[in-house]
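Asks: To be precise about what I am sending: the file is called my_file-v6.pdb and holds PDB, C-alpha atoms.
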```pdb
ATOM      1  CA  MET A 621    -141.346  15.468 -11.495
ATOM      2  CA  ARG A 622    -139.943  14.961  -8.026
ATOM      3  CA  PHE A 623    -142.204  14.917  -5.000
ATOM      4  CA  ALA A 624    -141.404  15.194  -1.313
ATOM      5  CA  VAL A 625    -143.355  12.582   0.602
ATOM      6  CA  LEU A 626    -144.250  12.294   4.260
ATOM      7  CA  VAL A 627    -145.870   9.061   5.376
ATOM      8  CA  GLU A 628    -147.098   8.792   8.930
ATOM      9  CA  THR A 629    -148.170   5.434  10.320
ATOM     10  CA  ARG A 630    -149.867   4.903  13.658
ATOM     11  CA  LEU A 631    -151.630   2.061  15.394
ATOM     12  CA  ARG A 632    -155.294   1.880  14.510
ATOM     13  CA  ASP A 633    -157.873   2.911  17.090
ATOM     14  CA  GLY A 634    -158.387   0.107  19.556
ATOM     15  CA  VAL A 635    -154.897  -1.326  19.120
ATOM     16  CA  ALA A 636    -152.878  -1.170  22.354
ATOM     17  CA  ASP A 637    -150.080   1.415  22.262
ATOM     18  CA  PRO A 638    -147.848   0.816  25.309
ATOM     19  CA  GLN A 639    -145.430   3.595  24.344
ATOM     20  CA  GLY A 640    -148.239   6.117  24.050
ATOM     21  CA  ALA A 641    -149.799   4.972  27.339
ATOM     22  CA  THR A 642    -146.473   5.210  29.183
ATOM     23  CA  ILE A 643    -145.722   8.678  27.816
ATOM     24  CA  GLU A 644    -149.224   9.822  28.733
ATOM     25  CA  ARG A 645    -148.793   8.561  32.296
ATOM     26  CA  SER A 646    -145.406  10.287  32.589
ATOM     27  CA  LEU A 647    -146.424  13.774  31.431
ATOM     28  CA  PRO A 648    -148.132  14.857  34.679
ATOM     29  CA  ALA A 649    -144.840  14.307  36.534
ATOM     30  CA  LEU A 650    -143.400  17.225  34.527
ATOM     31  CA  GLY A 651    -146.436  19.357  35.163
ATOM     32  CA  PHE A 652    -148.193  18.708  31.848
ATOM     33  CA  ASP A 653    -151.712  18.011  33.016
ATOM     34  CA  GLY A 654    -154.769  17.350  30.932
ATOM     35  CA  VAL A 655    -153.014  15.467  28.132
ATOM     36  CA  SER A 656    -154.891  12.454  26.802
ATOM     37  CA  GLY A 657    -154.997  10.249  23.737
ATOM     38  CA  VAL A 658    -151.219  10.009  23.230
ATOM     39  CA  ARG A 659    -150.465   7.742  20.284
ATOM     40  CA  VAL A 660    -146.927   7.046  19.074
ATOM     41  CA  GLY A 661    -146.384   6.431  15.380
ATOM     42  CA  LYS A 662    -143.643   6.498  12.786
ATOM     43  CA  ALA A 663    -142.805   9.083  10.141
ATOM     44  CA  PHE A 664    -141.108   8.274   6.836
ATOM     45  CA  ARG A 665    -139.711  11.103   4.702
ATOM     46  CA  PHE A 666    -138.420  10.540   1.202
ATOM     47  CA  THR A 667    -138.620  11.865  -2.327
ATOM     48  CA  ILE A 668    -140.028  10.053  -5.318
ATOM     49  CA  GLU A 669    -139.776  10.621  -9.059
ATOM     50  CA  SER A 670    -143.117  10.317 -10.771
ATOM     51  CA  GLY A 671    -145.119  11.547 -13.770
ATOM     52  CA  ASP A 672    -147.615  13.523 -11.719
ATOM     53  CA  ALA A 673    -148.945  13.900  -8.189
ATOM     54  CA  ALA A 674    -151.698  11.322  -8.652
ATOM     55  CA  ALA A 675    -149.241   8.684  -9.862
ATOM     56  CA  ALA A 676    -146.860   9.479  -7.012
ATOM     57  CA  ARG A 677    -149.678   9.143  -4.485
ATOM     58  CA  ALA A 678    -150.836   5.851  -5.969
ATOM     59  CA  GLU A 679    -147.334   4.461  -5.717
ATOM     60  CA  VAL A 680    -146.898   5.589  -2.104
ATOM     61  CA  GLU A 681    -150.304   4.170  -1.179
ATOM     62  CA  ASP A 682    -149.226   0.813  -2.583
ATOM     63  CA  MET A 683    -145.952   1.092  -0.653
ATOM     64  CA  CYS A 684    -147.897   1.694   2.566
ATOM     65  CA  LYS A 685    -150.264  -1.187   1.985
ATOM     66  CA  ARG A 686    -147.524  -3.677   1.160
ATOM     67  CA  PHE A 687    -144.664  -2.596   3.390
ATOM     68  CA  LEU A 688    -144.572   0.620   5.398
ATOM     69  CA  ALA A 689    -147.744  -0.133   7.356
ATOM     70  CA  ASN A 690    -149.316  -3.391   8.469
ATOM     71  CA  PRO A 691    -152.974  -2.804   7.542
ATOM     72  CA  VAL A 692    -154.146  -5.253  10.213
ATOM     73  CA  ILE A 693    -152.953  -2.978  13.026
ATOM     74  CA  GLU A 694    -151.806   0.307  11.447
ATOM     75  CA  ASP A 695    -153.204   3.253   9.520
ATOM     76  CA  ALA A 696    -151.134   5.473   7.245
ATOM     77  CA  THR A 697    -151.568   9.074   6.127
ATOM     78  CA  ILE A 698    -149.682  10.443   3.138
ATOM     79  CA  SER A 699    -148.636  14.011   2.349
ATOM     80  CA  ILE A 700    -147.142  14.769  -1.044
ATOM     81  CA  GLU A 701    -145.616  18.034  -2.239
ATOM     82  CA  ARG A 702    -143.978  18.776  -5.548
ATOM     83  CA  GLN A 703    -140.329  19.687  -5.242
ATOM     84  CA  GLY A 704    -138.584  22.398  -7.222
ATOM     85  CA  ALA A 705    -141.805  23.588  -8.864
ATOM     86  CA  THR A 706    -141.465  26.992 -10.452
TER
ATOM     87  CA  MET B1069    -133.482 -42.087   6.708
ATOM     88  CA  ALA B1070    -134.108 -39.570   9.457
ATOM     89  CA  SER B1071    -135.987 -36.440   8.527
ATOM     90  CA  ARG B1072    -133.936 -33.287   8.084
ATOM     91  CA  VAL B1073    -135.185 -30.106   9.666
ATOM     92  CA  GLY B1074    -133.787 -26.811   8.393
ATOM     93  CA  VAL B1075    -133.659 -23.967  10.894
ATOM     94  CA  VAL B1076    -133.417 -20.566   9.226
ATOM     95  CA  VAL B1077    -130.938 -18.103  10.702
ATOM     96  CA  PHE B1078    -131.736 -14.447  10.094
ATOM     97  CA  PRO B1079    -129.429 -11.697  11.346
ATOM     98  CA  GLY B1080    -130.762 -11.349  14.889
ATOM     99  CA  SER B1081    -132.234 -14.837  15.305
ATOM    100  CA  ASN B1082    -131.303 -16.230  18.710
ATOM    101  CA  CYS B1083    -133.203 -19.488  19.254
ATOM    102  CA  GLU B1084    -131.816 -21.459  16.310
ATOM    103  CA  PHE B1085    -129.430 -23.622  18.348
ATOM    104  CA  ASP B1086    -132.150 -24.448  20.877
ATOM    105  CA  VAL B1087    -134.313 -25.765  18.037
ATOM    106  CA  VAL B1088    -131.430 -27.760  16.536
ATOM    107  CA  GLU B1089    -130.637 -29.251  19.950
ATOM    108  CA  ALA B1090    -134.283 -30.140  20.634
ATOM    109  CA  VAL B1091    -134.746 -31.780  17.219
ATOM    110  CA  ARG B1092    -131.554 -33.820  17.656
ATOM    111  CA  GLY B1093    -132.710 -34.863  21.123
ATOM    112  CA  LEU B1094    -135.789 -36.355  19.474
ATOM    113  CA  GLY B1095    -133.687 -38.340  17.011
ATOM    114  CA  GLY B1096    -134.131 -35.989  14.079
ATOM    115  CA  GLN B1097    -131.468 -34.337  11.982
ATOM    116  CA  ALA B1098    -131.282 -30.584  12.077
ATOM    117  CA  GLU B1099    -129.190 -28.061  10.217
ATOM    118  CA  LEU B1100    -128.948 -24.302  10.038
ATOM    119  CA  LEU B1101    -129.971 -22.474   6.870
ATOM    120  CA  TRP B1102    -128.702 -18.951   6.176
ATOM    121  CA  HIS B1103    -131.353 -16.384   5.321
ATOM    122  CA  GLY B1104    -129.296 -15.082   2.390
ATOM    123  CA  ASP B1105    -129.365 -18.432   0.591
ATOM    124  CA  ALA B1106    -131.909 -19.020  -2.109
ATOM    125  CA  SER B1107    -132.291 -22.759  -1.482
ATOM    126  CA  LEU B1108    -133.514 -24.886   1.403
ATOM    127  CA  GLY B1109    -131.012 -27.599   0.512
ATOM    128  CA  GLY B1110    -133.623 -30.333   0.304
ATOM    129  CA  VAL B1111    -134.751 -30.330   3.957
ATOM    130  CA  ASP B1112    -138.038 -32.013   4.910
ATOM    131  CA  ALA B1113    -139.254 -29.314   7.286
ATOM    132  CA  VAL B1114    -138.454 -25.677   8.007
ATOM    133  CA  VAL B1115    -138.413 -23.858  11.322
ATOM    134  CA  LEU B1116    -138.269 -20.065  11.576
ATOM    135  CA  PRO B1117    -136.872 -19.609  15.080
ATOM    136  CA  GLY B1118    -137.319 -16.910  17.697
ATOM    137  CA  GLY B1119    -135.205 -13.808  18.056
ATOM    138  CA  PHE B1120    -135.155 -10.372  16.491
ATOM    139  CA  ALA B1121    -134.734 -10.971  12.770
ATOM    140  CA  HIS B1122    -133.194  -7.889  11.138
ATOM    141  CA  GLY B1123    -133.401  -6.149  14.509
ATOM    142  CA  ASP B1124    -137.216  -6.061  14.307
ATOM    143  CA  TYR B1125    -136.715  -2.912  12.207
ATOM    144  CA  LEU B1126    -139.950  -1.340  10.939
ATOM    145  CA  ARG B1127    -142.027  -4.083  12.624
ATOM    146  CA  PRO B1128    -141.124  -7.566  13.904
ATOM    147  CA  GLY B1129    -140.860  -9.803  10.840
ATOM    148  CA  ALA B1130    -141.362  -6.985   8.348
ATOM    149  CA  ILE B1131    -137.854  -7.073   6.844
ATOM    150  CA  ALA B1132    -137.266 -10.819   7.198
ATOM    151  CA  ARG B1133    -139.797 -11.523   4.512
ATOM    152  CA  PHE B1134    -137.404  -9.984   1.974
ATOM    153  CA  SER B1135    -134.601 -12.376   2.872
ATOM    154  CA  PRO B1136    -133.781 -14.467  -0.224
ATOM    155  CA  ILE B1137    -134.588 -17.745   1.539
ATOM    156  CA  MET B1138    -138.185 -16.674   2.134
ATOM    157  CA  ARG B1139    -138.959 -17.187  -1.546
ATOM    158  CA  ALA B1140    -137.894 -20.822  -1.150
ATOM    159  CA  VAL B1141    -139.854 -21.125   2.105
ATOM    160  CA  ASP B1142    -142.898 -19.763   0.305
ATOM    161  CA  ALA B1143    -142.567 -22.322  -2.508
ATOM    162  CA  PHE B1144    -141.923 -25.136  -0.004
ATOM    163  CA  ALA B1145    -145.065 -24.157   1.948
ATOM    164  CA  SER B1146    -147.119 -23.960  -1.261
ATOM    165  CA  ASP B1147    -146.080 -27.532  -2.022
ATOM    166  CA  GLY B1148    -147.390 -28.644   1.382
ATOM    167  CA  GLY B1149    -144.029 -28.756   3.169
ATOM    168  CA  PRO B1150    -144.199 -28.274   6.940
ATOM    169  CA  VAL B1151    -143.116 -24.798   8.096
ATOM    170  CA  ILE B1152    -143.157 -23.799  11.756
ATOM    171  CA  GLY B1153    -142.659 -20.247  12.979
ATOM    172  CA  ILE B1154    -141.874 -19.876  16.669
ATOM    173  CA  CYS B1155    -142.295 -16.469  18.332
ATOM    174  CA  ASN B1156    -140.397 -14.084  16.008
ATOM    175  CA  GLY B1157    -140.830 -16.805  13.371
ATOM    176  CA  PHE B1158    -144.606 -16.513  13.834
ATOM    177  CA  GLN B1159    -144.285 -12.750  13.313
ATOM    178  CA  VAL B1160    -142.287 -13.385  10.121
ATOM    179  CA  LEU B1161    -144.976 -15.779   8.831
ATOM    180  CA  CYS B1162    -147.701 -13.186   9.449
ATOM    181  CA  GLU B1163    -145.730 -10.362   7.834
ATOM    182  CA  SER B1164    -144.895 -12.520   4.840
ATOM    183  CA  GLY B1165    -148.533 -13.435   4.314
ATOM    184  CA  LEU B1166    -148.078 -17.189   4.903
ATOM    185  CA  LEU B1167    -150.379 -16.791   7.901
ATOM    186  CA  PRO B1168    -153.156 -14.203   8.375
ATOM    187  CA  GLY B1169    -153.323 -11.537  11.078
ATOM    188  CA  ALA B1170    -150.667  -9.703  13.054
ATOM    189  CA  LEU B1171    -148.972  -9.743  16.435
ATOM    190  CA  GLN B1172    -149.309  -6.514  18.360
ATOM    191  CA  LYS B1173    -147.853  -5.368  21.683
ATOM    192  CA  ASN B1174    -148.963  -7.353  24.720
ATOM    193  CA  ALA B1175    -152.129  -5.975  26.272
ATOM    194  CA  GLY B1176    -150.504  -5.691  29.709
ATOM    195  CA  LEU B1177    -147.759  -3.448  28.261
ATOM    196  CA  LYS B1178    -145.096  -5.809  29.589
ATOM    197  CA  PHE B1179    -142.469  -8.011  28.025
ATOM    198  CA  LEU B1180    -143.476 -11.518  29.126
ATOM    199  CA  CYS B1181    -140.998 -14.290  29.866
ATOM    200  CA  LYS B1182    -142.595 -17.138  31.785
ATOM    201  CA  PRO B1183    -144.101 -20.600  31.410
ATOM    202  CA  VAL B1184    -147.741 -20.651  30.306
ATOM    203  CA  THR B1185    -150.275 -23.400  29.731
ATOM    204  CA  VAL B1186    -151.682 -23.928  26.253
ATOM    205  CA  ARG B1187    -154.365 -26.342  25.135
ATOM    206  CA  VAL B1188    -154.015 -28.305  21.895
ATOM    207  CA  GLU B1189    -157.106 -27.546  19.790
ATOM    208  CA  THR B1190    -156.515 -29.664  16.690
ATOM    209  CA  ASP B1191    -154.424 -32.718  15.880
ATOM    210  CA  THR B1192    -154.325 -32.294  12.128
ATOM    211  CA  THR B1193    -151.535 -29.742  11.732
ATOM    212  CA  ALA B1194    -147.814 -30.117  11.091
ATOM    213  CA  LEU B1195    -147.176 -29.286  14.750
ATOM    214  CA  THR B1196    -149.819 -31.423  16.433
ATOM    215  CA  VAL B1197    -150.329 -34.668  14.476
ATOM    216  CA  ASP B1198    -148.772 -36.589  17.363
ATOM    217  CA  VAL B1199    -150.735 -34.858  20.165
ATOM    218  CA  ARG B1200    -154.216 -35.530  21.498
ATOM    219  CA  VAL B1201    -156.761 -32.675  21.252
ATOM    220  CA  GLY B1202    -157.431 -31.142  24.659
ATOM    221  CA  ARG B1203    -153.986 -31.927  26.022
ATOM    222  CA  GLU B1204    -152.564 -29.080  28.071
ATOM    223  CA  LEU B1205    -148.895 -28.248  27.683
ATOM    224  CA  ARG B1206    -146.658 -26.129  29.895
ATOM    225  CA  ILE B1207    -144.338 -24.145  27.617
ATOM    226  CA  PRO B1208    -142.493 -20.827  28.070
ATOM    227  CA  ILE B1209    -143.311 -17.622  26.238
ATOM    228  CA  ASN B1210    -140.783 -14.835  25.713
ATOM    229  CA  HIS B1211    -142.174 -11.858  23.836
ATOM    230  CA  PHE B1212    -143.363  -8.256  23.775
ATOM    231  CA  GLU B1213    -145.405  -8.478  20.571
ATOM    232  CA  GLY B1214    -147.378 -11.684  21.090
ATOM    233  CA  ASN B1215    -150.881 -10.327  21.212
ATOM    234  CA  TYR B1216    -152.457 -11.977  18.166
ATOM    235  CA  THR B1217    -155.047  -9.964  16.323
ATOM    236  CA  CYS B1218    -156.831 -10.204  12.991
ATOM    237  CA  LEU B1219    -159.840  -8.836  11.164
ATOM    238  CA  PRO B1220    -163.230 -10.231  12.312
ATOM    239  CA  ASP B1221    -163.690 -12.083   9.008
ATOM    240  CA  THR B1222    -160.308 -13.741   9.409
ATOM    241  CA  LEU B1223    -161.125 -14.845  12.946
ATOM    242  CA  ALA B1224    -164.435 -16.330  11.782
ATOM    243  CA  GLU B1225    -162.552 -18.213   9.066
ATOM    244  CA  LEU B1226    -159.905 -19.500  11.487
ATOM    245  CA  ARG B1227    -162.640 -20.796  13.800
ATOM    246  CA  ALA B1228    -164.789 -22.304  11.058
ATOM    247  CA  ASP B1229    -161.849 -24.134   9.499
ATOM    248  CA  ASP B1230    -160.458 -25.365  12.835
ATOM    249  CA  ARG B1231    -157.227 -23.449  12.265
ATOM    250  CA  ILE B1232    -156.643 -22.341  15.845
ATOM    251  CA  VAL B1233    -153.918 -24.778  16.885
ATOM    252  CA  LEU B1234    -153.158 -23.713  20.464
ATOM    253  CA  ARG B1235    -155.088 -21.603  22.972
ATOM    254  CA  TYR B1236    -153.835 -20.137  26.247
ATOM    255  CA  THR B1237    -155.771 -21.462  29.241
ATOM    256  CA  ASP B1238    -155.012 -18.164  31.024
ATOM    257  CA  ASN B1239    -154.473 -15.508  28.353
ATOM    258  CA  PRO B1240    -151.215 -13.689  29.208
ATOM    259  CA  ASN B1241    -151.047 -11.093  26.422
ATOM    260  CA  GLY B1242    -154.551 -10.170  25.260
ATOM    261  CA  SER B1243    -154.585 -12.330  22.120
ATOM    262  CA  VAL B1244    -157.980 -12.456  20.485
ATOM    263  CA  ASP B1245    -159.857 -15.677  21.329
ATOM    264  CA  ASP B1246    -156.905 -16.758  23.553
ATOM    265  CA  ILE B1247    -154.943 -17.673  20.408
ATOM    266  CA  ALA B1248    -151.387 -18.923  20.993
ATOM    267  CA  GLY B1249    -150.956 -20.545  17.577
ATOM    268  CA  ILE B1250    -152.690 -20.855  14.209
ATOM    269  CA  CYS B1251    -152.171 -22.762  10.982
ATOM    270  CA  SER B1252    -152.558 -22.145   7.257
ATOM    271  CA  ALA B1253    -155.492 -23.420   5.225
ATOM    272  CA  GLY B1254    -153.294 -26.333   4.161
ATOM    273  CA  ARG B1255    -152.480 -27.018   7.857
ATOM    274  CA  ASN B1256    -148.764 -27.352   7.015
ATOM    275  CA  VAL B1257    -147.727 -23.837   8.081
ATOM    276  CA  VAL B1258    -148.036 -23.234  11.817
ATOM    277  CA  GLY B1259    -147.119 -20.167  13.848
ATOM    278  CA  LEU B1260    -147.025 -20.071  17.637
ATOM    279  CA  MET B1261    -145.743 -17.708  20.298
ATOM    280  CA  PRO B1262    -144.681 -20.293  22.942
ATOM    281  CA  HIS B1263    -141.225 -21.862  22.579
ATOM    282  CA  PRO B1264    -141.531 -25.687  22.451
ATOM    283  CA  GLU B1265    -137.744 -25.971  21.985
ATOM    284  CA  ARG B1266    -137.296 -24.509  25.462
ATOM    285  CA  ALA B1267    -139.421 -27.250  27.013
ATOM    286  CA  CYS B1268    -137.676 -30.354  25.703
ATOM    287  CA  HIS B1269    -135.588 -31.524  28.645
ATOM    288  CA  PRO B1270    -136.340 -32.157  32.330
ATOM    289  CA  LEU B1271    -133.511 -29.761  33.224
ATOM    290  CA  LEU B1272    -135.501 -26.974  31.538
ATOM    291  CA  GLY B1273    -138.453 -27.585  33.827
ATOM    292  CA  SER B1274    -140.761 -29.120  31.229
ATOM    293  CA  THR B1275    -140.705 -31.646  28.425
ATOM    294  CA  ASP B1276    -144.100 -30.546  27.102
ATOM    295  CA  GLY B1277    -142.554 -29.117  23.942
ATOM    296  CA  THR B1278    -141.484 -32.557  22.736
ATOM    297  CA  PRO B1279    -144.883 -33.795  21.456
ATOM    298  CA  LEU B1280    -145.092 -30.698  19.256
ATOM    299  CA  LEU B1281    -141.608 -31.052  17.778
ATOM    300  CA  ARG B1282    -142.090 -34.803  17.471
ATOM    301  CA  SER B1283    -145.233 -34.059  15.437
ATOM    302  CA  LEU B1284    -143.124 -31.936  13.115
ATOM    303  CA  LEU B1285    -140.665 -34.815  12.666
ATOM    304  CA  VAL B1286    -143.537 -37.215  11.947
ATOM    305  CA  ARG B1287    -144.905 -34.813   9.351
ATOM    306  CA  ALA B1288    -141.457 -34.196   7.897
ATOM    307  CA  GLY B1289    -140.978 -37.916   7.393
ATOM    308  CA  ALA B1290    -144.257 -38.098   5.519
ATOM    309  CA  VAL B1291    -143.097 -35.390   3.157
ATOM    310  CA  ALA B1292    -139.641 -36.838   2.618
ATOM    311  CA  ALA B1293    -140.658 -38.860  -0.435
TER
END
```
Rewrite the structure of this file - the entire thing - as structure tokens.

Replies:
Amino acid sequence: MRFAVLVETRLRDGVADPQGATIERSLPALGFDGVSGVRVGKAFRFTIESGDAAAARAEVEDMCKRFLANPVIEDATISIERQGAT
Amino acid sequence: MASRVGVVVFPGSNCEFDVVEAVRGLGGQAELLWHGDASLGGVDAVVLPGGFAHGDYLRPGAIARFSPIMRAVDAFASDGGPVIGICNGFQVLCESGLLPGALQKNAGLKFLCKPVTVRVETDTTALTVDVRVGRELRIPINHFEGNYTCLPDTLAELRADDRIVLRYTDNPNGSVDDIAGICSAGRNVVGLMPHPERACHPLLGSTDGTPLLRSLLVRAGAVAA
């Protein structure tokens, strides 16, 4: 089975995010008031071949822990969807 | 025979020649090692220099740990060989698991390039065997991600085992506990954000980097057997 995967990583709460802070400070200049809590992260999209959804998720979780995210400063969320299911 | 220091060149490293020059100025032998090689060629010490290894893609240091030479660096470090990571090299050591913790963006949201003062906190590491504890050194920093952080348990361990090697006297980047450099449990792997190789000649404004690099040469000689 092939699964479409979306992994989003972002800095953990409490970790400084200069990009997010700068974007947040810039928004009012364009008239976007009242925006707060801007956090910039990364998104990874790929497909993976796996026996079932649970196995695919386990593999992606391992990938996040060991490579895609640095667990000391980043959190990751994973979305998995089966592709070509009938 | 003079000790040989190997300086690893990753695609995007940019401080390798400064390190080679500084080591030679201290009477040591230095040579460049290519990241794609699997062997360290029998050197007595390894330096991972500053720069932007692999373009800092994903995170600083995150891709460099897959370079073939890192397997040899890992084995060398496990055998007690001295390994120093400077700036981006420190980030590589953290990402590769040779040192704990991570380096996040500077707290002040600015890229910092200026001389800072660091205090030597231990004289039993590969980078400080030839320096007195408490000595203050004026050495430049040059980084955006130099704000050292780690889990509370890790910090407690670093403190308890006297593994904080250098502390900023006036914290420039928000590093936890003013940390500018740490070492491994074996005290042979040291990572630091300041650039000692840029403070090795009076023309550069400071020679305070020399006791650190001289320490590495002393340690390298001890390992040469």

Asks: Please expand the PyMOL selection byres ((chain A) within 10 of (chain B)) into the concrete residues it hits in this file, giving the result as a PyMOL selection string.

Replies: chain A and resi 631+635-639+641-642+662+686-693

Asks: Translate the PyMOL selection byres ((chain B and resi 1116-1125) around 6), as applied to the file shown, into an explicit residue set as a ChimeraX atom specification.

Replies: /B:1076,1078-1084,1115,1126-1128,1153-1157

Asks: Quick one: distance from CA of Met1261 in chain B to CA of His1211 in chain B in Å, one decimal?

Replies: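 CA of His1211 in chain B lies at a distance of 7.7 Å from CA of Met1261 in chain B.
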
Asks: Evaluating the PyMOL selection byres ((chain A and resi 677) around 12) on the displayed file yields which residues, as a ChimeraX atom specification?

Replies: /A:622-627,667-676,678-684,697-702

Asks: What's around range 1098-1106 of chain B at 9 Å? Count only C-alpha atoms, leave out sequence neighbours fewer than 5 positions away in its own chain, and write the answer as a PyMOL selection string.

Replies: chain B and resi 1071-1079+1084-1085+1087-1089+1091-1092+1111+1132+1135-1140

Asks: Quick one: distance from CA of Ala1288 in chain B to CA of Thr1237 in chain B in Å, one decimal?

Replies: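 Calculated distance between CA of Ala1288 in chain B and CA of Thr1237 in chain B is 28.7 Å.
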
Asks: Please compute the CA of Val1160 in chain B-CA of Ser1252 in chain B distance, one decimal, in Å.

Replies: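 Computing it gives 13.8 Å between the two atoms.
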
Asks: Counting all atoms listed in the file, which residue out of A:Asp633, A:Gly704, A:Met621, A:Ser646 sits closest to Arg659 in chain A?

Replies: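 Comparing A:Asp633, A:Gly704, A:Met621, A:Ser646 against Arg659 in chain A, the winner is A:Asp633.
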
Asks: Put a box with edges along x, y and z around all the listed atoms of range 653-671 of chain A, pad it by 5 Å on each side, then give me its centre and sizes in Å, one decimal, as JSON.

Replies:
```
{"center_x": -146.7, "center_y": 12.2, "center_z": 9.6, "size_x": 26.6, "size_y": 21.6, "size_z": 56.8}
```

Asks: Tell me which protein, DNA and RNA residues are within 12 Å of Glu644 in chain A, counting all atoms listed in the file, leaving out same-chain ones fewer than 3 positions away, and put them as JSON, numbers by chain.

Replies: {"A": [637, 638, 639, 640, 641, 647, 648, 649, 650, 651, 652, 653, 654, 655, 656, 657, 658, 659, 660]}

Asks: As a ChimeraX atom specification, please: the residues near Arg1255 in chain B (cut-off 12 Å, only C-alpha atoms, same-chain neighbours under 4 positions excluded).

Replies: /B:1145-1152,1166-1167,1190-1197,1226,1229-1233,1249-1251,1259,1284,1287

Asks: Reconstruct N, CA and C atoms of range 634-652 of chain A from the incomplete input and present them as a tab-separated table (two decimals), keeping the file's coordinate frame.

Replies:
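Output file result.tsv is given in full below:
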```
chain	number	residue	atom	x	y	z
A	634	GLY	N	-158.06	1.39	18.94
A	634	GLY	CA	-158.39	0.11	19.56
A	634	GLY	C	-157.19	-0.82	19.69
A	635	VAL	N	-156.10	-0.50	18.99
A	635	VAL	CA	-154.90	-1.33	19.12
A	635	VAL	C	-154.04	-0.76	20.26
A	636	ALA	N	-153.64	-1.62	21.19
A	636	ALA	CA	-152.88	-1.17	22.35
A	636	ALA	C	-151.60	-0.48	21.93
A	637	ASP	N	-151.28	0.65	22.56
A	637	ASP	CA	-150.08	1.42	22.26
A	637	ASP	C	-149.33	1.67	23.57
A	638	PRO	N	-148.51	0.70	24.01
A	638	PRO	CA	-147.85	0.82	25.31
A	638	PRO	C	-146.96	2.05	25.41
A	639	GLN	N	-146.28	2.41	24.30
A	639	GLN	CA	-145.43	3.60	24.34
A	639	GLN	C	-146.26	4.84	24.60
A	640	GLY	N	-147.36	4.97	23.88
A	640	GLY	CA	-148.24	6.12	24.05
A	640	GLY	C	-148.79	6.17	25.47
A	641	ALA	N	-149.22	5.03	26.00
A	641	ALA	CA	-149.80	4.97	27.34
A	641	ALA	C	-148.76	5.37	28.39
A	642	THR	N	-147.52	4.91	28.21
A	642	THR	CA	-146.47	5.21	29.18
A	642	THR	C	-146.13	6.69	29.15
A	643	ILE	N	-146.03	7.25	27.94
A	643	ILE	CA	-145.72	8.68	27.82
A	643	ILE	C	-146.84	9.51	28.46
A	644	GLU	N	-148.08	9.09	28.18
A	644	GLU	CA	-149.22	9.82	28.73
A	644	GLU	C	-149.20	9.81	30.26
A	645	ARG	N	-148.84	8.66	30.83
A	645	ARG	CA	-148.79	8.56	32.30
A	645	ARG	C	-147.63	9.36	32.88
A	646	SER	N	-146.59	9.60	32.08
A	646	SER	CA	-145.41	10.29	32.59
A	646	SER	C	-145.55	11.81	32.55
A	647	LEU	N	-146.35	12.32	31.63
A	647	LEU	CA	-146.42	13.77	31.43
A	647	LEU	C	-146.80	14.56	32.69
A	648	PRO	N	-147.77	14.07	33.49
A	648	PRO	CA	-148.13	14.86	34.68
A	648	PRO	C	-146.96	15.08	35.63
A	649	ALA	N	-145.99	14.16	35.64
A	649	ALA	CA	-144.84	14.31	36.53
A	649	ALA	C	-144.03	15.55	36.19
A	650	LEU	N	-144.12	16.01	34.94
A	650	LEU	CA	-143.40	17.23	34.53
A	650	LEU	C	-144.33	18.44	34.55
A	651	GLY	N	-145.51	18.24	35.06
A	651	GLY	CA	-146.44	19.36	35.16
A	651	GLY	C	-147.36	19.53	33.97
A	652	PHE	N	-147.28	18.62	33.01
A	652	PHE	CA	-148.19	18.71	31.85
A	652	PHE	C	-149.47	17.95	32.16
```
